[in-house]
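Coordinates as given in run_10.txt (compact mmCIF, C-alpha atoms):
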# COMPACT_ATOMS: atom_id res chain seq x y z
CA MET X 47 -48.55 23.48 33.87
CA LYS X 48 -46.22 23.11 30.91
CA THR X 49 -43.78 20.23 30.88
CA PRO X 50 -40.20 21.58 30.60
CA VAL X 51 -38.42 20.62 27.37
CA ALA X 52 -34.76 19.62 27.64
CA LEU X 53 -32.59 21.64 25.32
CA PRO X 54 -29.94 19.79 23.30
CA SER X 55 -26.45 20.06 24.65
CA PHE X 56 -23.80 22.15 22.93
CA ALA X 57 -21.97 18.95 21.92
CA ALA X 58 -25.12 17.54 20.35
CA LEU X 59 -25.72 20.75 18.42
CA ALA X 60 -22.14 20.76 17.18
CA LEU X 61 -22.49 17.16 16.00
CA LEU X 62 -25.75 17.93 14.22
CA SER X 63 -24.22 21.03 12.62
CA GLY X 64 -21.26 19.04 11.34
CA PHE X 65 -23.59 16.41 9.95
CA LEU X 66 -25.59 18.99 8.01
CA LEU X 67 -22.56 20.88 6.73
CA SER X 68 -21.03 17.67 5.43
CA GLY X 69 -23.91 17.20 3.02
CA CYS X 70 -25.58 14.61 5.25
CA ALA X 71 -22.56 12.30 5.20
CA ALA X 72 -23.03 9.73 7.94
CA PRO X 73 -20.40 9.66 10.71
CA ALA X 74 -17.73 7.08 9.96
CA THR X 75 -18.08 3.76 11.78
CA PRO X 76 -15.20 1.31 12.19
CA VAL X 77 -14.63 -0.96 9.19
CA ASP X 78 -13.78 -4.63 9.70
CA VAL X 79 -10.98 -5.41 7.23
CA SER X 80 -9.85 -8.63 8.91
CA SER X 81 -11.07 -10.67 5.91
CA ALA X 82 -10.09 -8.20 3.19
CA CYS X 83 -7.02 -10.29 2.29
CA ALA X 84 -5.99 -13.92 2.68
CA SER X 85 -3.67 -12.78 5.46
CA VAL X 86 -4.17 -9.55 7.41
CA SER X 87 -1.98 -8.31 10.26
CA LEU X 88 -4.04 -6.49 12.87
CA THR X 89 -0.97 -5.50 14.88
CA THR X 90 -0.33 -2.40 12.73
CA THR X 91 -2.28 0.86 12.45
CA PRO X 92 -3.96 0.67 10.04
CA PRO X 93 -3.93 -3.13 9.60
CA THR X 94 -1.70 -4.57 6.84
CA CYS X 95 -2.68 -6.83 3.97
CA GLU X 96 0.18 -9.33 4.12
CA ARG X 97 -1.11 -11.48 1.28
CA PRO X 98 -3.99 -10.75 -1.10
CA TYR X 99 -6.26 -13.61 -2.15
CA ASP X 100 -4.66 -15.84 -4.81
CA THR X 101 -7.86 -16.38 -6.80
CA GLY X 102 -10.84 -14.20 -7.57
CA VAL X 103 -10.87 -10.63 -6.36
CA SER X 104 -7.54 -10.07 -4.63
CA VAL X 105 -8.71 -7.54 -2.03
CA ARG X 106 -12.29 -8.06 -0.84
CA LEU X 107 -13.68 -5.10 1.00
CA PRO X 108 -16.75 -5.05 3.20
CA GLU X 109 -19.69 -3.32 1.61
CA THR X 110 -21.18 -0.45 3.56
CA ALA X 111 -24.54 1.23 3.12
CA ALA X 112 -22.86 4.12 1.32
CA GLY X 113 -20.28 1.98 -0.49
CA ALA X 114 -17.67 4.26 1.00
CA VAL X 115 -14.73 1.89 1.41
CA GLY X 116 -12.29 1.82 -1.50
CA ALA X 117 -9.10 3.04 -3.15
CA VAL X 118 -7.76 5.63 -5.56
CA ALA X 119 -7.50 4.57 -9.20
CA ARG X 120 -4.52 5.47 -11.36
CA GLY X 121 -4.41 9.13 -12.29
CA GLY X 122 -5.91 10.27 -9.00
CA GLU X 123 -9.18 11.45 -10.50
CA VAL X 124 -11.44 8.66 -9.25
CA PHE X 125 -12.10 6.93 -5.95
CA VAL X 126 -13.43 3.40 -6.53
CA THR X 127 -15.63 1.94 -3.80
CA SER X 128 -16.30 -1.62 -2.73
CA THR X 129 -19.68 -1.48 -4.46
CA GLY X 130 -18.12 -0.41 -7.77
CA ALA X 131 -19.08 3.25 -7.58
CA ARG X 132 -16.58 5.63 -9.17
CA LEU X 133 -16.55 8.94 -7.35
CA ALA X 134 -14.78 12.24 -7.89
CA MET X 135 -12.57 13.52 -5.08
CA SER X 136 -12.48 17.01 -3.63
CA ASP X 137 -9.22 18.94 -3.72
CA SER X 138 -8.79 18.44 0.02
CA ALA X 139 -9.27 14.67 -0.31
CA ARG X 140 -6.75 14.53 -3.16
CA ASP X 141 -4.26 16.49 -1.08
CA ARG X 142 -4.84 14.10 1.81
CA VAL X 143 -4.10 10.94 -0.19
CA LEU X 144 -1.04 12.55 -1.79
CA GLU X 145 0.70 12.95 1.57
CA GLY X 146 3.63 10.57 1.33
CA ASN X 147 1.98 9.03 -1.75
CA ALA X 148 -0.24 7.11 0.67
CA TYR X 149 -2.85 6.50 -2.05
CA ALA X 150 -0.50 4.00 -3.73
CA SER X 151 -0.72 1.57 -0.81
CA THR X 152 -3.89 2.38 1.11
CA ILE X 153 -7.55 1.36 1.37
CA TYR X 154 -9.66 4.19 2.71
CA GLN X 155 -13.01 4.76 4.31
CA ALA X 156 -14.46 7.83 2.61
CA GLN X 157 -16.86 10.53 3.65
CA ILE X 158 -19.12 11.36 0.71
CA SER X 159 -21.02 14.58 0.13
CA ASN X 160 -23.20 15.09 -2.94
CA GLY X 161 -21.46 12.24 -4.73
CA THR X 162 -17.94 13.52 -4.05
CA VAL X 163 -15.35 12.13 -1.64
CA THR X 164 -14.61 14.92 0.81
CA GLU X 165 -12.54 13.12 3.46
CA VAL X 166 -10.68 9.82 3.76
CA THR X 167 -9.50 7.69 6.66
CA PRO X 168 -6.92 4.89 6.13
CA VAL X 169 -8.28 1.48 7.10
CA LEU X 170 -5.84 -0.97 5.43
CA THR X 171 -2.30 -0.84 4.05
CA VAL X 172 -1.37 -2.96 1.02
CA PRO X 173 2.45 -3.07 0.63
CA SER X 174 3.81 -2.32 -2.82
CA GLY X 175 5.47 -5.72 -3.14
CA ALA X 176 2.20 -7.49 -2.38
CA THR X 177 0.41 -5.44 -5.04
CA LEU X 178 3.10 -6.14 -7.64
CA ALA X 179 3.21 -9.85 -6.91
CA ARG X 180 -0.55 -10.27 -7.12
CA ALA X 181 -0.92 -8.22 -10.30
CA LEU X 182 2.15 -9.48 -12.22
CA GLY X 183 3.78 -12.29 -10.24
CA GLY X 184 4.59 -15.32 -12.39
CA ALA X 185 3.58 -13.53 -15.57
CA VAL X 186 5.17 -14.11 -18.96
CA LEU X 187 5.53 -10.88 -20.93
CA VAL X 188 6.12 -11.03 -24.66
CA GLY X 189 6.80 -8.35 -27.22
CA GLU X 190 9.62 -6.43 -28.82
CA ILE X 191 12.91 -4.83 -27.80
CA THR X 192 14.92 -2.31 -29.81
CA PRO X 193 18.20 -3.59 -31.35
CA TYR X 194 21.61 -2.11 -30.56
CA ALA X 195 22.90 0.12 -33.36
CA GLY X 196 26.40 0.81 -31.99
CA ALA X 197 27.98 3.73 -30.12
CA ASP X 198 25.37 3.51 -27.33
CA VAL X 199 22.54 4.06 -29.80
CA TYR X 200 19.46 1.86 -30.21
CA ASP X 201 17.49 1.42 -33.41
CA THR X 202 14.02 2.69 -32.56
CA ALA X 203 12.78 1.71 -36.02
CA GLY X 204 13.76 -1.94 -35.57
CA SER X 205 12.73 -4.66 -33.17
CA LEU X 206 13.64 -8.11 -31.89
CA PRO X 207 11.31 -10.59 -30.16
CA VAL X 208 11.67 -10.68 -26.38
CA VAL X 209 10.23 -12.86 -23.61
CA VAL X 210 10.32 -11.73 -19.97
CA ALA X 211 9.59 -14.22 -17.17
CA LEU X 212 8.66 -12.67 -13.81
CA ASP X 213 9.08 -14.28 -10.40
CA ALA X 214 5.95 -15.41 -8.60
CA ALA X 215 6.77 -13.56 -5.38
CA ALA X 216 8.26 -10.14 -4.67
CA THR X 217 11.36 -9.42 -2.63
CA GLY X 218 10.45 -6.42 -0.54
CA ASP X 219 9.04 -3.87 -2.98
CA LEU X 220 10.79 -5.42 -5.99
CA LEU X 221 9.54 -8.08 -8.40
CA HIS X 222 12.48 -9.77 -10.10
CA GLY X 223 12.46 -11.18 -13.59
CA THR X 224 14.62 -12.47 -16.42
CA ILE X 225 14.78 -12.00 -20.17
CA ALA X 226 14.23 -15.66 -20.95
CA ASN X 227 15.53 -15.56 -24.53
CA ALA X 228 18.72 -13.66 -23.73
CA THR X 229 21.11 -16.44 -24.75
CA SER X 230 18.89 -19.24 -26.04
CA ALA X 231 15.68 -19.50 -28.03
CA VAL X 232 12.48 -19.89 -26.00
CA ALA X 233 9.44 -21.93 -26.99
CA LEU X 234 6.00 -20.94 -25.74
CA SER X 235 3.06 -23.23 -25.15
CA ASP X 236 1.09 -21.50 -27.93
CA GLY X 237 3.61 -22.84 -30.46
CA THR X 238 5.56 -19.64 -30.99
CA CYS X 239 9.33 -19.35 -30.67
CA ALA X 240 11.47 -16.38 -29.67
CA PRO X 241 15.05 -16.59 -31.01
CA ALA X 242 17.96 -15.87 -28.70
CA LEU X 243 18.94 -12.20 -28.59
CA THR X 244 22.57 -13.27 -28.95
CA ALA X 245 21.62 -14.60 -32.39
CA ALA X 246 21.25 -10.96 -33.46
CA GLY X 247 25.02 -10.57 -33.19
CA SER X 248 26.10 -6.93 -32.97
CA LYS X 249 22.44 -5.90 -32.73
CA ASN X 250 21.95 -7.72 -29.42
CA PRO X 251 20.42 -5.03 -27.17
CA LEU X 252 21.87 -6.53 -23.98
CA GLN X 253 25.07 -4.51 -23.85
CA GLY X 254 27.01 -3.33 -20.78
CA THR X 255 24.69 -2.76 -17.80
CA PHE X 256 21.68 -3.83 -19.86
CA THR X 257 21.57 -7.48 -18.86
CA SER X 258 18.99 -10.25 -18.78
CA SER X 259 18.35 -9.63 -15.06
CA LEU X 260 15.49 -7.21 -14.36
CA GLN X 261 13.60 -5.82 -11.37
CA LEU X 262 10.22 -4.10 -11.39
CA SER X 263 9.06 -1.50 -8.89
CA ARG X 264 6.12 0.85 -8.52
CA ASP X 265 6.94 4.57 -8.47
CA PRO X 266 3.84 6.64 -7.69
CA SER X 267 3.80 10.36 -8.56
CA MET X 268 7.21 10.03 -10.21
CA HIS X 269 7.31 13.41 -11.95
CA THR X 270 4.02 15.04 -11.00
CA SER X 271 1.11 14.22 -8.71
CA PHE X 272 -0.48 10.87 -9.62
CA ASP X 273 2.04 10.28 -12.43
CA ASP X 274 2.29 6.57 -11.61
CA GLU X 275 5.04 4.61 -13.35
CA LEU X 276 6.09 0.97 -13.31
CA VAL X 277 9.89 1.03 -13.43
CA LEU X 278 12.05 -1.63 -15.04
CA HIS X 279 15.47 -1.54 -13.37
CA TRP X 280 18.43 -2.59 -15.49
CA ALA X 281 21.05 -1.30 -13.05
CA ASP X 282 21.42 1.23 -10.23
CA SER X 283 21.88 4.11 -12.66
CA SER X 284 19.70 2.94 -15.51
CA SER X 285 16.07 2.02 -15.88
CA GLY X 286 13.08 2.08 -18.15
CA MET X 287 9.55 3.07 -17.27
CA GLY X 288 5.97 3.20 -18.47
CA ALA X 289 2.54 3.66 -16.90
CA GLY X 290 0.56 0.91 -18.63
CA PHE X 291 1.35 -1.93 -16.21
CA PHE X 292 1.37 0.11 -12.99
CA PRO X 293 -1.05 -1.71 -10.67
CA SER X 294 -2.98 0.46 -8.21
CA VAL X 295 -4.60 -0.80 -5.04
CA ALA X 296 -7.89 -0.49 -6.94
CA THR X 297 -6.46 -2.96 -9.49
CA LEU X 298 -6.54 -5.59 -6.75
CA MET X 299 -10.24 -4.81 -6.33
CA ASP X 300 -10.79 -5.65 -10.03
CA ALA X 301 -11.68 -2.00 -10.50
CA ASP X 302 -8.64 -0.52 -12.26
CA PRO X 303 -7.36 -2.99 -14.90
CA LEU X 304 -3.89 -2.80 -16.37
CA ALA X 305 -3.50 -1.56 -19.93
CA ALA X 306 -3.13 -4.12 -22.72
CA THR X 307 0.40 -2.91 -23.51
CA TRP X 308 3.33 -1.69 -21.46
CA GLU X 309 5.58 0.69 -23.39
CA VAL X 310 8.92 0.98 -21.60
CA GLY X 311 11.14 3.93 -22.44
CA GLN X 312 14.64 4.55 -21.14
CA HIS X 313 14.81 6.67 -18.00
CA GLY X 314 17.92 7.88 -16.22
CA ASN X 315 21.58 7.86 -17.15
CA PRO X 316 22.62 6.68 -19.71
CA VAL X 317 19.77 8.31 -21.56
CA SER X 318 20.04 5.83 -24.41
CA GLY X 319 18.94 2.27 -23.79
CA PRO X 320 16.67 -0.50 -25.05
CA GLY X 321 13.01 0.30 -25.46
CA LEU X 322 10.40 -2.41 -25.00
CA VAL X 323 6.75 -2.93 -25.91
CA LEU X 324 5.30 -5.78 -23.86
CA GLN X 325 1.99 -7.59 -23.50
CA ARG X 326 1.00 -10.19 -20.96
CA SER X 327 0.91 -13.62 -22.60
CA SER X 328 -1.58 -16.36 -21.79
CA ALA X 329 1.07 -18.86 -22.95
CA ALA X 330 3.68 -20.40 -20.68
CA ILE X 331 7.34 -21.07 -21.42
CA ASP X 332 7.59 -24.61 -22.76
CA THR X 333 10.88 -25.97 -21.44
CA GLY X 334 10.17 -29.37 -23.02
CA ARG X 335 10.24 -28.08 -26.59
CA SER X 336 13.27 -26.73 -28.39
CA CYS X 337 13.15 -24.07 -31.08
CA SER X 338 15.48 -21.79 -32.93

Represent the structure from my file as C-alpha cells, please.
Amino acid sequence: MKTPVALPSFAALALLSGFLLSGCAAPATPVDVSSACASVSLTTTPPTCERPYDTGVSVRLPETAAGAVGAVARGGEVFVTSTGARLAMSDSARDRVLEGNAYASTIYQAQISNGTVTEVTPVLTVPSGATLARALGGAVLVGEITPYAGADVYDTAGSLPVVVALDAAATGDLLHGTIANATSAVALSDGTCAPALTAAGSKNPLQGTFTSSLQLSRDPSMHTSFDDELVLHWADSSSGMGAGFFPSVATLMDADPLAATWEVGQHGNPVSGPGLVLQRSSAAIDTGRSCS
C-alpha cells in the first residue's frame, strides 16, 4: 500500500513561484534599525533618524546576509548597501525611489536579483536637516567670490577671498551660515587671512539682497530626475546652487563622499549674482588673531 503524498497548497506554490521568478531573492525579513543612528524614533513608520552619530560612520546599518540594506547615491544610478556593495537599480526600483523624491531621505531594504536592485522597502527616514547638519554642520568653507562690476553685473574673470562659517545644527531643513569676512578681515588657524569684502570698495559683491547671511538647503531632482543640488539662499527670490556639496543619505554611510569643490552659480531672479567656488577647510577661524 502506497503512502499518500501531501500536495503543496496553492499558497505555497505561489510563494515558491514568486521566489523563483525574483531570481532567487530571499523574502524580506524585518530590519532592526533601532541602533542605526544615535537617536532613532520608533513611533513613526518607517522609523526616523533624529540624530546621526557624531563620530565615525554617521548612519550605521545592520548587515544582512545579502547586504541588501542601503541608500541611493547621488545621480540615482547606484544603490549602496551596508556591506559596501554598489548595485545597479532596475527601472521599476528607480521609479519607486523617485516617488516624492523619497530617495533623498530614505534608507531602504532592497530585493536583489542577479546583482540588480529590483524592489525597495523603506526602513528608516533621515530628515534633510539631519543630513545637512551631519555632513556640513560647523564647517568652515573657504574660496573665492566674484566681485561686483556695477549695473547688477559681476566680474566672472575676477575673484575675492571669501570665508563662510556654517552653523553646527540645522533649523528644520535649513543650515544657516555667515560670510565671516563680510565687514572685517578673518584670520584662520592655518595662518592665512581673508580681507574684508568691504575693503574691495565698489567691487564688494554683497550688494542689495546679497548679504552676509546665508542658508543652505538640499533640493533633490531640481530640474530632472536625480539632479541633486545644494542651494545657497541669499533671499526669497535669489539663490545660488551647485551639486558638489549635496550630501546624500549614502554620504552618511561613508559611501558617497562630497566633491572637493562646490561651484555655486546664480539661480533664480535676479539672474545675475555672485558666483562662488568653495572648499571645506581643515582650519578654524582664529578669533584671537587680527589680520588685514

Between CA of Val277 (chain X) and CA of Ala233 (chain X), distance in Å (one decimal):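 Those two atoms sit 26.7 Å apart.
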
Given the choices X:Val163, X:Ala242, X:Val232, X:Leu252, which gets closest to Ala134 (chain X) if the distance is worked out from all atoms listed in the file? X:Val163

In Å to one decimal, how far is CA of Ala214 (chain X) from CA of Leu304 (chain X)?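 If I compute the distance from CA of Leu304 (chain X) to CA of Ala214 (chain X), I get 17.8 Å.
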
What is the CA of Ser151 (chain X) to CA of Val172 (chain X) distance in Å?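 Rounded to one decimal, the two atoms are 4.9 Å apart.
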
Could you list, as a PyMOL selection string, every residue within 9 Å of region 289-301 of chain X, counting only C-alpha atoms and ignoring same-chain residues fewer than 6 positions away? chain X and resi 98+102-107+116-120+125-128+130+149-153+172+174+177-178+180-182+263-266+273-277+307-310

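Proximity ranking of X:Ala240, X:Ser80, X:Gln261, X:Ser235 relative to Thr217 (chain X) places X:Gln261 first, based on all atoms listed in the file.
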
Hey, can you pull every residue with an atom no more than 7 Å from (15.7, -24.4, -25.8), using all atoms listed in the file, and send it as a ChimeraX atom specification? /X:230-233,333,335-337

The residue from X:Ala156, X:Val115, X:Met135, X:Val169 with the smallest atom-to-atom distance to Pro92 (chain X), counting all atoms listed in the file, is X:Val169

Rank X:Val143, X:Ala216, X:Leu260, X:Ala131 by their smallest atom-to-atom distance to Ala176 (chain X), using only C-alpha atoms, and report the top residue only.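 Checking each candidate against Ala176 (chain X), we get X:Ala216 as the closest.
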
I want to know what sits within 10 Å of Ser328 (chain X), based on all atoms listed in the file, with residues of the same chain fewer than 6 positions away left out; could you give that as a list in words? Ala185, Val186, Leu187, Val188, Leu234, Ser235 and Asp236 of chain X

Which of these residues is nearest to Ser87 (chain X), using only C-alpha atoms: X:Gly254, X:Gln325, X:Asp282, X:Pro173? X:Pro173

Between X:Asn250, X:Arg140, X:Pro168, X:Glu145, which is the closest to Ala114 (chain X) once you count only C-alpha atoms?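 Of X:Asn250, X:Arg140, X:Pro168, X:Glu145, the one nearest Ala114 (chain X) is X:Pro168, counting only C-alpha atoms.
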
Put a box with edges along x, y and z around all the listed atoms of region 206-216 of chain X, pad it by 5 Å on each side, then give me its centre and sizes in Å, one decimal, as AutoDock Vina command-line options.
--center_x 9.8 --center_y -11.8 --center_z -18.3 --size_x 17.7 --size_y 17.3 --size_z 37.2
